[in-house]
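Pasted below: work_20.pdb, PDB, C-alpha atoms, pLDDT in the B column.
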```pdb
ATOM      1  CA  MET A1298      17.658 -91.191 -79.671  1.00 45.00           C
ATOM      2  CA  LYS A1299      19.462 -87.959 -78.770  1.00 44.00           C
ATOM      3  CA  ARG A1300      17.093 -85.978 -80.964  1.00 49.00           C
ATOM      4  CA  VAL A1301      14.075 -87.630 -79.317  1.00 50.00           C
ATOM      5  CA  LEU A1302      15.400 -86.838 -75.854  1.00 48.00           C
ATOM      6  CA  GLY A1303      16.130 -83.282 -76.909  1.00 50.00           C
ATOM      7  CA  MET A1304      12.600 -82.770 -78.156  1.00 51.00           C
ATOM      8  CA  LEU A1305      11.291 -84.298 -74.936  1.00 54.00           C
ATOM      9  CA  LEU A1306      13.248 -81.735 -72.928  1.00 47.00           C
ATOM     10  CA  VAL A1307      11.819 -78.940 -75.058  1.00 49.00           C
ATOM     11  CA  LEU A1308       8.331 -80.309 -74.536  1.00 53.00           C
ATOM     12  CA  VAL A1309       8.797 -80.488 -70.774  1.00 49.00           C
ATOM     13  CA  ALA A1310      10.254 -76.990 -70.583  1.00 45.00           C
ATOM     14  CA  ILE A1311       7.222 -75.338 -72.160  1.00 44.00           C
ATOM     15  CA  MET A1312       4.509 -77.693 -70.936  1.00 47.00           C
ATOM     16  CA  SER A1313       3.106 -75.039 -68.598  1.00 43.00           C
ATOM     17  CA  VAL A1314       2.066 -72.876 -71.556  1.00 41.00           C
ATOM     18  CA  SER A1315       0.656 -75.631 -73.705  1.00 45.00           C
ATOM     19  CA  VAL A1316      -1.768 -75.001 -76.532  1.00 45.00           C
ATOM     20  CA  PHE A1317      -4.562 -77.524 -76.502  1.00 46.00           C
ATOM     21  CA  ALA A1318      -6.386 -78.897 -79.493  1.00 50.00           C
ATOM     22  CA  GLU A1319      -9.657 -80.801 -79.565  1.00 57.00           C
ATOM     23  CA  THR A1320      -8.871 -84.046 -77.765  1.00 66.00           C
ATOM     24  CA  VAL A1321      -9.871 -87.579 -78.711  1.00 79.00           C
ATOM     25  CA  THR A1322      -9.830 -90.998 -77.107  1.00 80.00           C
ATOM     26  CA  TYR A1323      -7.516 -93.447 -78.843  1.00 87.00           C
ATOM     27  CA  THR A1324      -8.486 -97.121 -78.910  1.00 84.00           C
ATOM     28  CA  PRO A1325      -6.129 -99.981 -79.783  1.00 85.00           C
ATOM     29  CA  GLU A1326      -6.224-101.870 -83.050  1.00 85.00           C
ATOM     30  CA  ASP A1327      -7.061-105.586 -83.036  1.00 82.00           C
ATOM     31  CA  ASP A1328      -3.392-106.421 -82.475  1.00 88.00           C
ATOM     32  CA  GLY A1329      -3.147-104.071 -79.472  1.00 86.00           C
ATOM     33  CA  THR A1330      -1.183-101.329 -81.264  1.00 93.00           C
ATOM     34  CA  TYR A1331      -2.098 -97.656 -81.513  1.00 94.00           C
ATOM     35  CA  ASN A1332      -2.053 -95.164 -84.372  1.00 94.00           C
ATOM     36  CA  VAL A1333      -1.836 -91.400 -83.858  1.00 93.00           C
ATOM     37  CA  SER A1334      -1.819 -88.761 -86.594  1.00 91.00           C
ATOM     38  CA  TYR A1335      -1.454 -84.985 -86.615  1.00 90.00           C
ATOM     39  CA  THR A1336      -2.430 -82.983 -89.706  1.00 90.00           C
ATOM     40  CA  GLU A1337      -1.603 -79.393 -88.758  1.00 87.00           C
ATOM     41  CA  GLY A1338       2.180 -79.533 -88.732  1.00 87.00           C
ATOM     42  CA  THR A1339       4.828 -77.795 -90.821  1.00 89.00           C
ATOM     43  CA  ALA A1340       6.416 -79.708 -93.681  1.00 92.00           C
ATOM     44  CA  SER A1341       9.816 -81.258 -92.844  1.00 92.00           C
ATOM     45  CA  ASN A1342       9.578 -80.312 -89.146  1.00 90.00           C
ATOM     46  CA  TYR A1343      10.399 -82.903 -86.506  1.00 89.00           C
ATOM     47  CA  TYR A1344       7.673 -83.819 -84.013  1.00 91.00           C
ATOM     48  CA  ALA A1345       7.856 -85.885 -80.840  1.00 91.00           C
ATOM     49  CA  LEU A1346       5.033 -88.048 -79.539  1.00 93.00           C
ATOM     50  CA  LEU A1347       4.939 -88.403 -75.757  1.00 93.00           C
ATOM     51  CA  VAL A1348       2.541 -90.689 -73.886  1.00 94.00           C
ATOM     52  CA  VAL A1349       2.462 -90.124 -70.125  1.00 93.00           C
ATOM     53  CA  GLU A1350       0.739 -92.322 -67.567  1.00 92.00           C
ATOM     54  CA  GLY A1351      -2.276 -90.639 -65.966  1.00 88.00           C
ATOM     55  CA  VAL A1352      -5.163 -88.503 -67.201  1.00 84.00           C
ATOM     56  CA  TYR A1353      -4.222 -84.825 -67.124  1.00 84.00           C
ATOM     57  CA  ALA A1354      -6.600 -81.900 -67.412  1.00 75.00           C
ATOM     58  CA  GLU A1355      -6.157 -78.815 -69.539  1.00 67.00           C
ATOM     59  CA  ASP A1356      -3.171 -76.698 -68.462  1.00 72.00           C
ATOM     60  CA  GLU A1357      -2.124 -79.316 -65.905  1.00 80.00           C
ATOM     61  CA  THR A1358       1.572 -80.217 -66.052  1.00 82.00           C
ATOM     62  CA  PRO A1359       2.132 -83.992 -66.243  1.00 87.00           C
ATOM     63  CA  VAL A1360       4.622 -85.888 -64.120  1.00 87.00           C
ATOM     64  CA  ILE A1361       7.338 -86.981 -66.538  1.00 86.00           C
ATOM     65  CA  SER A1362       9.818 -89.617 -65.394  1.00 87.00           C
ATOM     66  CA  GLU A1363      11.245 -92.944 -66.467  1.00 86.00           C
ATOM     67  CA  ASP A1364       8.292 -94.628 -64.752  1.00 90.00           C
ATOM     68  CA  THR A1365       5.504 -92.437 -66.161  1.00 92.00           C
ATOM     69  CA  VAL A1366       6.572 -92.198 -69.820  1.00 93.00           C
ATOM     70  CA  LEU A1367       4.776 -95.056 -71.568  1.00 95.00           C
ATOM     71  CA  TYR A1368       5.936 -94.275 -75.086  1.00 95.00           C
ATOM     72  CA  ILE A1369       8.067 -91.713 -76.916  1.00 93.00           C
ATOM     73  CA  ASP A1370       8.981 -91.387 -80.578  1.00 93.00           C
ATOM     74  CA  GLN A1371       9.732 -88.809 -83.246  1.00 90.00           C
ATOM     75  CA  GLY A1372       8.551 -88.278 -86.784  1.00 91.00           C
ATOM     76  CA  THR A1373       8.919 -85.816 -89.648  1.00 92.00           C
ATOM     77  CA  ALA A1374       5.944 -84.043 -91.187  1.00 92.00           C
ATOM     78  CA  ASN A1375       5.410 -84.687 -94.867  1.00 95.00           C
ATOM     79  CA  SER A1376       4.901 -82.046 -97.545  1.00 95.00           C
ATOM     80  CA  ASN A1377       1.302 -81.545 -96.372  1.00 94.00           C
ATOM     81  CA  GLY A1378       2.319 -81.047 -92.735  1.00 91.00           C
ATOM     82  CA  ASP A1379       1.040 -84.480 -91.699  1.00 93.00           C
ATOM     83  CA  VAL A1380       2.923 -86.680 -89.258  1.00 93.00           C
ATOM     84  CA  SER A1381       1.896 -90.167 -88.102  1.00 94.00           C
ATOM     85  CA  PHE A1382       3.003 -92.596 -85.430  1.00 96.00           C
ATOM     86  CA  ASN A1383       1.648 -96.033 -86.258  1.00 96.00           C
ATOM     87  CA  GLY A1384       1.822 -99.503 -84.809  1.00 95.00           C
ATOM     88  CA  TRP A1385       3.169 -98.577 -81.381  1.00 95.00           C
ATOM     89  CA  ILE A1386       2.432-100.158 -78.004  1.00 94.00           C
ATOM     90  CA  PRO A1387       2.564 -98.310 -74.639  1.00 95.00           C
ATOM     91  CA  LYS A1388       4.685 -99.731 -71.838  1.00 93.00           C
ATOM     92  CA  ASN A1389       1.579-100.684 -69.867  1.00 90.00           C
ATOM     93  CA  GLU A1390      -2.189-100.449 -70.183  1.00 83.00           C
ATOM     94  CA  GLU A1391      -2.737 -97.728 -67.589  1.00 84.00           C
ATOM     95  CA  PRO A1392      -4.866 -94.704 -68.566  1.00 86.00           C
ATOM     96  CA  ALA A1393      -2.565 -92.177 -70.234  1.00 92.00           C
ATOM     97  CA  THR A1394      -2.379 -88.734 -71.827  1.00 92.00           C
ATOM     98  CA  VAL A1395      -0.982 -88.198 -75.341  1.00 93.00           C
ATOM     99  CA  TYR A1396       1.045 -85.083 -76.200  1.00 92.00           C
ATOM    100  CA  LEU A1397       2.731 -83.882 -79.369  1.00 91.00           C
ATOM    101  CA  GLY A1398       5.779 -81.593 -79.242  1.00 86.00           C
ATOM    102  CA  GLY A1399       7.496 -79.902 -82.125  1.00 80.00           C
ATOM    103  CA  ALA A1400      10.202 -77.439 -83.039  1.00 67.00           C
ATOM    104  CA  GLY A1401       8.948 -73.912 -82.494  1.00 57.00           C
ATOM    105  CA  ALA A1402       5.567 -75.087 -81.193  1.00 59.00           C
ATOM    106  CA  SER A1403       4.049 -75.484 -77.755  1.00 69.00           C
ATOM    107  CA  PRO A1404       3.040 -79.032 -76.793  1.00 79.00           C
ATOM    108  CA  ILE A1405      -0.425 -80.078 -77.897  1.00 86.00           C
ATOM    109  CA  LEU A1406      -2.715 -82.344 -75.900  1.00 88.00           C
ATOM    110  CA  LEU A1407      -3.884 -84.823 -78.519  1.00 89.00           C
ATOM    111  CA  GLY A1408      -6.012 -87.083 -76.335  1.00 88.00           C
ATOM    112  CA  TYR A1409      -6.132 -90.022 -73.976  1.00 89.00           C
ATOM    113  CA  LEU A1410      -5.540 -93.763 -73.903  1.00 88.00           C
ATOM    114  CA  GLY A1411      -7.522 -96.207 -71.866  1.00 76.00           C
ATOM    115  CA  GLU A1412     -10.435 -93.976 -70.890  1.00 68.00           C
ATOM    116  CA  ASN A1413     -13.403 -92.682 -72.814  1.00 72.00           C
ATOM    117  CA  THR A1414     -13.951 -88.935 -72.687  1.00 78.00           C
ATOM    118  CA  PHE A1415     -17.283 -87.176 -73.044  1.00 87.00           C
ATOM    119  CA  PHE A1416     -18.589 -83.632 -73.354  1.00 91.00           C
ATOM    120  CA  VAL A1417     -20.758 -82.028 -70.693  1.00 96.00           C
ATOM    121  CA  SER A1418     -22.562 -78.896 -71.861  1.00 96.00           C
ATOM    122  CA  GLY A1419     -25.367 -76.582 -70.862  1.00 96.00           C
ATOM    123  CA  THR A1420     -26.139 -73.065 -69.741  1.00 95.00           C
ATOM    124  CA  VAL A1421     -25.793 -71.168 -66.482  1.00 96.00           C
ATOM    125  CA  SER A1422     -28.440 -68.547 -65.809  1.00 95.00           C
ATOM    126  CA  THR A1423     -28.928 -66.157 -62.905  1.00 95.00           C
ATOM    127  CA  ASP A1424     -31.895 -64.248 -61.524  1.00 93.00           C
ATOM    128  CA  SER A1425     -29.854 -61.041 -61.371  1.00 90.00           C
ATOM    129  CA  GLY A1426     -28.912 -60.484 -65.013  1.00 85.00           C
ATOM    130  CA  THR A1427     -25.271 -60.632 -63.980  1.00 87.00           C
ATOM    131  CA  THR A1428     -22.403 -59.990 -66.376  1.00 81.00           C
ATOM    132  CA  TYR A1429     -19.894 -61.996 -64.327  1.00 90.00           C
ATOM    133  CA  GLU A1430     -18.331 -65.160 -65.699  1.00 93.00           C
ATOM    134  CA  ALA A1431     -19.713 -68.525 -64.646  1.00 95.00           C
ATOM    135  CA  THR A1432     -17.130 -71.096 -63.583  1.00 96.00           C
ATOM    136  CA  VAL A1433     -18.022 -74.771 -64.030  1.00 97.00           C
ATOM    137  CA  THR A1434     -15.802 -77.321 -62.274  1.00 97.00           C
ATOM    138  CA  LEU A1435     -15.873 -81.124 -62.280  1.00 97.00           C
ATOM    139  CA  THR A1436     -13.706 -82.980 -59.745  1.00 95.00           C
ATOM    140  CA  ASN A1437     -13.404 -86.666 -58.931  1.00 91.00           C
ATOM    141  CA  GLY A1438     -10.969 -86.641 -56.022  1.00 82.00           C
ATOM    142  CA  GLU A1439      -7.928 -86.934 -58.286  1.00 76.00           C
ATOM    143  CA  ASP A1440      -8.461 -84.634 -61.252  1.00 84.00           C
ATOM    144  CA  GLU A1441     -10.152 -81.263 -61.686  1.00 91.00           C
ATOM    145  CA  PHE A1442     -11.602 -79.918 -64.929  1.00 92.00           C
ATOM    146  CA  THR A1443     -12.682 -76.277 -65.136  1.00 94.00           C
ATOM    147  CA  VAL A1444     -14.184 -74.027 -67.771  1.00 94.00           C
ATOM    148  CA  THR A1445     -15.419 -70.428 -67.594  1.00 93.00           C
ATOM    149  CA  SER A1446     -18.195 -68.893 -69.635  1.00 91.00           C
ATOM    150  CA  ALA A1447     -18.879 -65.198 -70.128  1.00 88.00           C
ATOM    151  CA  ASN A1448     -22.292 -65.718 -71.731  1.00 90.00           C
ATOM    152  CA  GLY A1449     -23.581 -68.656 -69.688  1.00 91.00           C
ATOM    153  CA  ALA A1450     -23.073 -71.364 -72.307  1.00 94.00           C
ATOM    154  CA  TYR A1451     -20.355 -73.890 -71.447  1.00 95.00           C
ATOM    155  CA  SER A1452     -18.868 -77.133 -72.758  1.00 94.00           C
ATOM    156  CA  ILE A1453     -16.237 -79.214 -71.008  1.00 93.00           C
ATOM    157  CA  GLU A1454     -14.612 -82.547 -71.894  1.00 86.00           C
ATOM    158  CA  VAL A1455     -13.890 -85.054 -69.121  1.00 88.00           C
ATOM    159  CA  PRO A1456     -12.998 -88.755 -68.886  1.00 83.00           C
ATOM    160  CA  GLU A1457     -15.770 -91.184 -67.995  1.00 84.00           C
ATOM    161  CA  GLY A1458     -16.493 -91.248 -64.276  1.00 88.00           C
ATOM    162  CA  THR A1459     -18.469 -89.820 -61.378  1.00 94.00           C
ATOM    163  CA  TYR A1460     -17.804 -86.205 -60.440  1.00 96.00           C
ATOM    164  CA  THR A1461     -18.672 -83.370 -58.134  1.00 97.00           C
ATOM    165  CA  PHE A1462     -20.160 -80.803 -60.506  1.00 98.00           C
ATOM    166  CA  LYS A1463     -20.035 -77.220 -59.218  1.00 98.00           C
ATOM    167  CA  VAL A1464     -21.023 -73.834 -60.613  1.00 97.00           C
ATOM    168  CA  ASN A1465     -19.803 -70.528 -59.191  1.00 97.00           C
ATOM    169  CA  VAL A1466     -20.687 -66.961 -60.157  1.00 96.00           C
ATOM    170  CA  LYS A1467     -19.368 -64.007 -58.185  1.00 96.00           C
ATOM    171  CA  ASN A1468     -21.826 -62.678 -55.562  1.00 97.00           C
ATOM    172  CA  HIS A1469     -24.181 -65.610 -56.148  1.00 97.00           C
ATOM    173  CA  LEU A1470     -25.007 -68.811 -54.318  1.00 97.00           C
ATOM    174  CA  SER A1471     -23.145 -71.797 -55.695  1.00 97.00           C
ATOM    175  CA  TYR A1472     -24.685 -74.948 -57.141  1.00 98.00           C
ATOM    176  CA  THR A1473     -23.252 -78.408 -56.432  1.00 98.00           C
ATOM    177  CA  ASP A1474     -24.156 -81.868 -57.733  1.00 97.00           C
ATOM    178  CA  ASN A1475     -22.120 -84.304 -55.639  1.00 96.00           C
ATOM    179  CA  ASP A1476     -22.910 -87.440 -57.632  1.00 95.00           C
ATOM    180  CA  PHE A1477     -22.779 -86.489 -61.289  1.00 97.00           C
ATOM    181  CA  ALA A1478     -22.172 -89.520 -63.511  1.00 95.00           C
ATOM    182  CA  VAL A1479     -20.595 -89.076 -66.943  1.00 94.00           C
ATOM    183  CA  ASN A1480     -20.746 -92.175 -69.159  1.00 88.00           C
ATOM    184  CA  ALA A1481     -21.920 -90.504 -72.369  1.00 89.00           C
ATOM    185  CA  ASP A1482     -22.118 -86.979 -73.755  1.00 90.00           C
ATOM    186  CA  VAL A1483     -24.333 -84.883 -71.476  1.00 95.00           C
ATOM    187  CA  SER A1484     -26.131 -81.924 -73.016  1.00 94.00           C
ATOM    188  CA  GLY A1485     -28.631 -79.675 -71.302  1.00 94.00           C
ATOM    189  CA  LYS A1486     -26.940 -79.687 -67.894  1.00 96.00           C
ATOM    190  CA  ASP A1487     -28.533 -76.298 -67.219  1.00 96.00           C
ATOM    191  CA  VAL A1488     -28.162 -74.548 -63.883  1.00 96.00           C
ATOM    192  CA  ALA A1489     -30.059 -71.546 -62.501  1.00 95.00           C
ATOM    193  CA  ILE A1490     -28.384 -69.808 -59.582  1.00 95.00           C
ATOM    194  CA  ILE A1491     -29.454 -67.097 -57.168  1.00 97.00           C
ATOM    195  CA  GLY A1492     -27.864 -63.680 -56.670  1.00 96.00           C
ATOM    196  CA  GLY A1493     -27.115 -61.874 -53.431  1.00 96.00           C
ATOM    197  CA  ASP A1494     -24.334 -63.815 -51.706  1.00 97.00           C
ATOM    198  CA  THR A1495     -21.899 -60.905 -51.434  1.00 97.00           C
ATOM    199  CA  SER A1496     -20.215 -62.412 -48.365  1.00 97.00           C
ATOM    200  CA  ALA A1497     -19.417 -65.625 -50.303  1.00 96.00           C
ATOM    201  CA  ASP A1498     -20.570 -67.906 -47.478  1.00 97.00           C
ATOM    202  CA  ASP A1499     -23.236 -69.742 -49.510  1.00 97.00           C
ATOM    203  CA  LYS A1500     -26.165 -68.131 -47.691  1.00 97.00           C
ATOM    204  CA  ILE A1501     -27.969 -64.833 -48.083  1.00 97.00           C
ATOM    205  CA  ASP A1502     -28.518 -63.010 -44.812  1.00 97.00           C
ATOM    206  CA  PHE A1503     -28.001 -59.731 -42.960  1.00 97.00           C
ATOM    207  CA  ASP A1504     -24.253 -59.789 -43.687  1.00 97.00           C
ATOM    208  CA  ASP A1505     -25.016 -59.444 -47.384  1.00 97.00           C
ATOM    209  CA  ILE A1506     -27.400 -56.544 -46.799  1.00 97.00           C
ATOM    210  CA  ALA A1507     -24.749 -54.814 -44.692  1.00 97.00           C
ATOM    211  CA  ILE A1508     -22.161 -55.157 -47.452  1.00 97.00           C
ATOM    212  CA  ILE A1509     -24.574 -53.645 -49.985  1.00 97.00           C
ATOM    213  CA  VAL A1510     -25.538 -50.742 -47.696  1.00 96.00           C
ATOM    214  CA  ASN A1511     -21.942 -49.972 -46.717  1.00 96.00           C
ATOM    215  CA  ASN A1512     -20.936 -49.746 -50.379  1.00 96.00           C
ATOM    216  CA  TYR A1513     -24.071 -48.180 -51.826  1.00 96.00           C
ATOM    217  CA  ASN A1514     -23.443 -46.046 -54.931  1.00 96.00           C
ATOM    218  CA  ALA A1515     -19.813 -47.213 -54.992  1.00 94.00           C
ATOM    219  CA  SER A1516     -17.978 -49.225 -57.604  1.00 93.00           C
ATOM    220  CA  PHE A1517     -17.177 -52.322 -55.537  1.00 92.00           C
ATOM    221  CA  ASP A1518     -17.050 -55.737 -57.211  1.00 92.00           C
ATOM    222  CA  ASP A1519     -17.665 -57.674 -54.008  1.00 94.00           C
ATOM    223  CA  ALA A1520     -21.055 -56.009 -53.533  1.00 95.00           C
ATOM    224  CA  ASP A1521     -22.094 -55.531 -57.162  1.00 96.00           C
ATOM    225  CA  VAL A1522     -24.447 -58.488 -57.625  1.00 96.00           C
ATOM    226  CA  THR A1523     -25.562 -57.543 -61.122  1.00 94.00           C
ATOM    227  CA  GLY A1524     -22.048 -56.742 -62.291  1.00 93.00           C
ATOM    228  CA  ASP A1525     -23.030 -53.424 -63.858  1.00 93.00           C
ATOM    229  CA  GLY A1526     -20.244 -51.455 -62.184  1.00 94.00           C
ATOM    230  CA  THR A1527     -22.258 -49.790 -59.396  1.00 95.00           C
ATOM    231  CA  VAL A1528     -23.735 -50.991 -56.115  1.00 96.00           C
ATOM    232  CA  ASP A1529     -27.339 -49.782 -56.272  1.00 96.00           C
ATOM    233  CA  PHE A1530     -30.995 -50.639 -55.735  1.00 96.00           C
ATOM    234  CA  ASP A1531     -30.864 -53.614 -58.124  1.00 95.00           C
ATOM    235  CA  ASP A1532     -28.161 -55.238 -56.004  1.00 95.00           C
ATOM    236  CA  LEU A1533     -30.062 -54.590 -52.780  1.00 96.00           C
ATOM    237  CA  SER A1534     -33.208 -56.024 -54.360  1.00 96.00           C
ATOM    238  CA  SER A1535     -31.391 -59.261 -55.186  1.00 96.00           C
ATOM    239  CA  VAL A1536     -30.389 -59.694 -51.572  1.00 96.00           C
ATOM    240  CA  VAL A1537     -33.822 -58.804 -50.160  1.00 97.00           C
ATOM    241  CA  ASN A1538     -35.730 -60.960 -52.648  1.00 96.00           C
ATOM    242  CA  ASN A1539     -33.512 -63.978 -51.910  1.00 97.00           C
ATOM    243  CA  TYR A1540     -33.132 -63.454 -48.169  1.00 97.00           C
ATOM    244  CA  ASN A1541     -32.522 -66.724 -46.249  1.00 98.00           C
ATOM    245  CA  ALA A1542     -31.730 -68.649 -49.450  1.00 97.00           C
ATOM    246  CA  VAL A1543     -28.794 -71.064 -49.310  1.00 97.00           C
ATOM    247  CA  ALA A1544     -26.593 -72.771 -51.858  1.00 96.00           C
ATOM    248  CA  VAL A1545     -28.152 -75.685 -53.732  1.00 94.00           C
ATOM    249  CA  VAL A1546     -26.520 -79.069 -53.130  1.00 95.00           C
ATOM    250  CA  ASP A1547     -27.970 -82.104 -54.920  1.00 88.00           C
TER     251      ASP A1547
END
```

Can the structure in the file be given as structure tokens, please?
Amino acid sequence: MKRVLGMLLVLVAIMSVSVFAETVTYTPEDDGTYNVSYTEGTASNYYALLVVEGVYAEDETPVISEDTVLYIDQGTANSNGDVSFNGWIPKNEEPATVYLGGAGASPILLGYLGENTFFVSGTVSTDSGTTYEATVTLTNGEDEFTVTSANGAYSIEVPEGTYTFKVNVKNHLSYTDNDFAVNADVSGKDVAIIGGDTSADDKIDFDDIAIIVNNYNASFDDADVTGDGTVDFDDLSSVVNNYNAVAVVD
């Protein structure tokens, strides 16, 4: 027990810099027990399995207390680096997040209990040829899941539910879908957004033209719609061509 508690403390101490693997949804066996395996360990190393109540997003630190820990155990990796935790039952049937901690390793998010998770994927395109990252965020009032994409293609894994789906690109109008249901994998959630919102107020108007003009020929990120390093005619064209446009909200 002391070794388990010690590994738990190590896991908590470095949770903020966790390394995340591809997550899965664990379902109970016919007798209500769960089995969890990890195949990328180091032979003879100790590993601790920690199941915490609640569904936590990537890089989100879980609340760990006597009330929220639904199961904890330790195991030793075999000669192949495999470690398994079989036939265990969580303290209750609330949705939960499963972590693995180990000596010399950051905690790994293995998956979830009690909720199905699905992938949402697609592309973000702009009318400005921008080189800025696109940020895709899904929120449901309790949890927030975010991914950034440098080339427009994105993929994000979220538990089943209904979300606010939002896309942001610097100096562009945002896109929001306020009632986005996820109950299966969703591919082809493609979004086209409009450039020219240098004032970041979700509308393109005289304020945006003024920002472009006042920084013309300068290197100023907050006016560089195309993201090419210089505020120039291409940036002004984006604003003029999209004048009076507003953010899209579905």

Ref. answer, residues at most 6 Å from (4.1, -82.8, -82.1) with only C-alpha atoms, as a list in words | Tyr1344, Ala1345, Leu1346, Leu1397, Gly1398 and Gly1399 of chain A

What are the nearest atom pairs, with distances in Å to one decimal, for all residues of region 1400-1489 of chain A that come at most 9 Å from region 1529-1544 of chain A, using only C-alpha atoms, set out by chain and rising residue number as a Markdown table?
```
| residue | atom | partner | partner_atom | distance |
| --- | --- | --- | --- | --- |
| A:Asp1424 | CA | A:Ser1535 | CA | 8.1 |
| A:Ser1425 | CA | A:Ser1535 | CA | 6.6 |
| A:His1469 | CA | A:Ala1544 | CA | 8.7 |
| A:Leu1470 | CA | A:Ala1544 | CA | 4.9 |
| A:Ser1471 | CA | A:Ala1544 | CA | 5.2 |
| A:Tyr1472 | CA | A:Ala1544 | CA | 6.0 |
| A:Thr1473 | CA | A:Ala1544 | CA | 8.0 |
```

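The smallest atom-to-atom distance between Thr1423 (chain A) and any of A:Thr1394, A:Ser1496, A:Thr1523, A:Thr1436, using only C-alpha atoms, is found for A:Thr1523.
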
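Applied to the file shown here, the PyMOL selection byres ((chain A and resi 1507-1514) around 8) selects the residues Thr1495, Ser1496, Phe1503, Asp1504, Asp1505, Ile1506, Ala1515, Ser1516, Phe1517, Ala1520, Asp1521, Thr1527, Val1528, Asp1529, Asp1532 and Leu1533 of chain A.
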
Next, write the just-selected residues to a file, as an mmCIF file, keeping the file's coordinate frame, keeping C-alpha atoms as the atom set.
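result-v9.cif, freshly written:
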```cif
data_model
loop_
_atom_site.group_PDB
_atom_site.id
_atom_site.type_symbol
_atom_site.label_atom_id
_atom_site.label_comp_id
_atom_site.auth_asym_id
_atom_site.auth_seq_id
_atom_site.Cartn_x
_atom_site.Cartn_y
_atom_site.Cartn_z
ATOM 1 C CA THR A 1495 -21.899 -60.905 -51.434
ATOM 2 C CA SER A 1496 -20.215 -62.412 -48.365
ATOM 3 C CA PHE A 1503 -28.001 -59.731 -42.960
ATOM 4 C CA ASP A 1504 -24.253 -59.789 -43.687
ATOM 5 C CA ASP A 1505 -25.016 -59.444 -47.384
ATOM 6 C CA ILE A 1506 -27.400 -56.544 -46.799
ATOM 7 C CA ALA A 1515 -19.813 -47.213 -54.992
ATOM 8 C CA SER A 1516 -17.978 -49.225 -57.604
ATOM 9 C CA PHE A 1517 -17.177 -52.322 -55.537
ATOM 10 C CA ALA A 1520 -21.055 -56.009 -53.533
ATOM 11 C CA ASP A 1521 -22.094 -55.531 -57.162
ATOM 12 C CA THR A 1527 -22.258 -49.790 -59.396
ATOM 13 C CA VAL A 1528 -23.735 -50.991 -56.115
ATOM 14 C CA ASP A 1529 -27.339 -49.782 -56.272
ATOM 15 C CA ASP A 1532 -28.161 -55.238 -56.004
ATOM 16 C CA LEU A 1533 -30.062 -54.590 -52.780
#
```

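Here CA of Tyr1353 (chain A) is placed at a distance of 16.9 Å from CA of Pro1387 (chain A).
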
Ref. answer, residues at most 10 Å from (5.7, -83.2, -95.4) with only C-alpha atoms, as a PDB file with C-alpha atoms, keeping the file's coordinate frame:
```pdb
ATOM      1  CA  THR A1336      -2.430 -82.983 -89.706  1.00 90.00           C
ATOM      2  CA  GLY A1338       2.180 -79.533 -88.732  1.00 87.00           C
ATOM      3  CA  THR A1339       4.828 -77.795 -90.821  1.00 89.00           C
ATOM      4  CA  ALA A1340       6.416 -79.708 -93.681  1.00 92.00           C
ATOM      5  CA  SER A1341       9.816 -81.258 -92.844  1.00 92.00           C
ATOM      6  CA  ASN A1342       9.578 -80.312 -89.146  1.00 90.00           C
ATOM      7  CA  THR A1373       8.919 -85.816 -89.648  1.00 92.00           C
ATOM      8  CA  ALA A1374       5.944 -84.043 -91.187  1.00 92.00           C
ATOM      9  CA  ASN A1375       5.410 -84.687 -94.867  1.00 95.00           C
ATOM     10  CA  SER A1376       4.901 -82.046 -97.545  1.00 95.00           C
ATOM     11  CA  ASN A1377       1.302 -81.545 -96.372  1.00 94.00           C
ATOM     12  CA  GLY A1378       2.319 -81.047 -92.735  1.00 91.00           C
ATOM     13  CA  ASP A1379       1.040 -84.480 -91.699  1.00 93.00           C
ATOM     14  CA  VAL A1380       2.923 -86.680 -89.258  1.00 93.00           C
TER      15      VAL A1380
END
```

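Taken over the whole file, the PyMOL selection byres ((chain A and resi 1408) around 6) covers exactly A:Thr1320, A:Val1321, A:Thr1322, A:Val1395, A:Leu1406, A:Leu1407, A:Tyr1409.
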
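Every residue that the PyMOL selection byres ((chain A and resi 1487) around 9) selects in this file is listed here: A:Ser1418, A:Gly1419, A:Thr1420, A:Val1421, A:Ser1422, A:Ala1450, A:Ser1484, A:Gly1485, A:Lys1486, A:Val1488, A:Ala1489.
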
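Among the candidates A:Asn1465, A:Ser1452, A:Thr1358, A:Thr1365, the residue lying nearest to Phe1415 (chain A) is A:Ser1452 (atoms considered: all atoms listed in the file).
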
Any idea what's packed within 12 Å of region 1443-1446 of chain A, counting only C-alpha atoms, ignoring anything in its chain fewer than 4 positions away? Could you give it as a PyMOL selection string?
-> chain A and resi 1354-1357+1416-1422+1428-1436+1450-1455+1461-1466

Go ahead and dump the residues you just picked, C-alpha atoms, as a short mmCIF file (atom, residue, chain, number, x, y, z; two decimals), in the coordinates of the input.
```cif
data_model
loop_
_atom_site.label_atom_id
_atom_site.label_comp_id
_atom_site.auth_asym_id
_atom_site.auth_seq_id
_atom_site.Cartn_x
_atom_site.Cartn_y
_atom_site.Cartn_z
CA ALA A 1354 -6.60 -81.90 -67.41
CA GLU A 1355 -6.16 -78.82 -69.54
CA ASP A 1356 -3.17 -76.70 -68.46
CA GLU A 1357 -2.12 -79.32 -65.90
CA PHE A 1416 -18.59 -83.63 -73.35
CA VAL A 1417 -20.76 -82.03 -70.69
CA SER A 1418 -22.56 -78.90 -71.86
CA GLY A 1419 -25.37 -76.58 -70.86
CA THR A 1420 -26.14 -73.06 -69.74
CA VAL A 1421 -25.79 -71.17 -66.48
CA SER A 1422 -28.44 -68.55 -65.81
CA THR A 1428 -22.40 -59.99 -66.38
CA TYR A 1429 -19.89 -62.00 -64.33
CA GLU A 1430 -18.33 -65.16 -65.70
CA ALA A 1431 -19.71 -68.53 -64.65
CA THR A 1432 -17.13 -71.10 -63.58
CA VAL A 1433 -18.02 -74.77 -64.03
CA THR A 1434 -15.80 -77.32 -62.27
CA LEU A 1435 -15.87 -81.12 -62.28
CA THR A 1436 -13.71 -82.98 -59.74
CA ALA A 1450 -23.07 -71.36 -72.31
CA TYR A 1451 -20.36 -73.89 -71.45
CA SER A 1452 -18.87 -77.13 -72.76
CA ILE A 1453 -16.24 -79.21 -71.01
CA GLU A 1454 -14.61 -82.55 -71.89
CA VAL A 1455 -13.89 -85.05 -69.12
CA THR A 1461 -18.67 -83.37 -58.13
CA PHE A 1462 -20.16 -80.80 -60.51
CA LYS A 1463 -20.04 -77.22 -59.22
CA VAL A 1464 -21.02 -73.83 -60.61
CA ASN A 1465 -19.80 -70.53 -59.19
CA VAL A 1466 -20.69 -66.96 -60.16
#
```
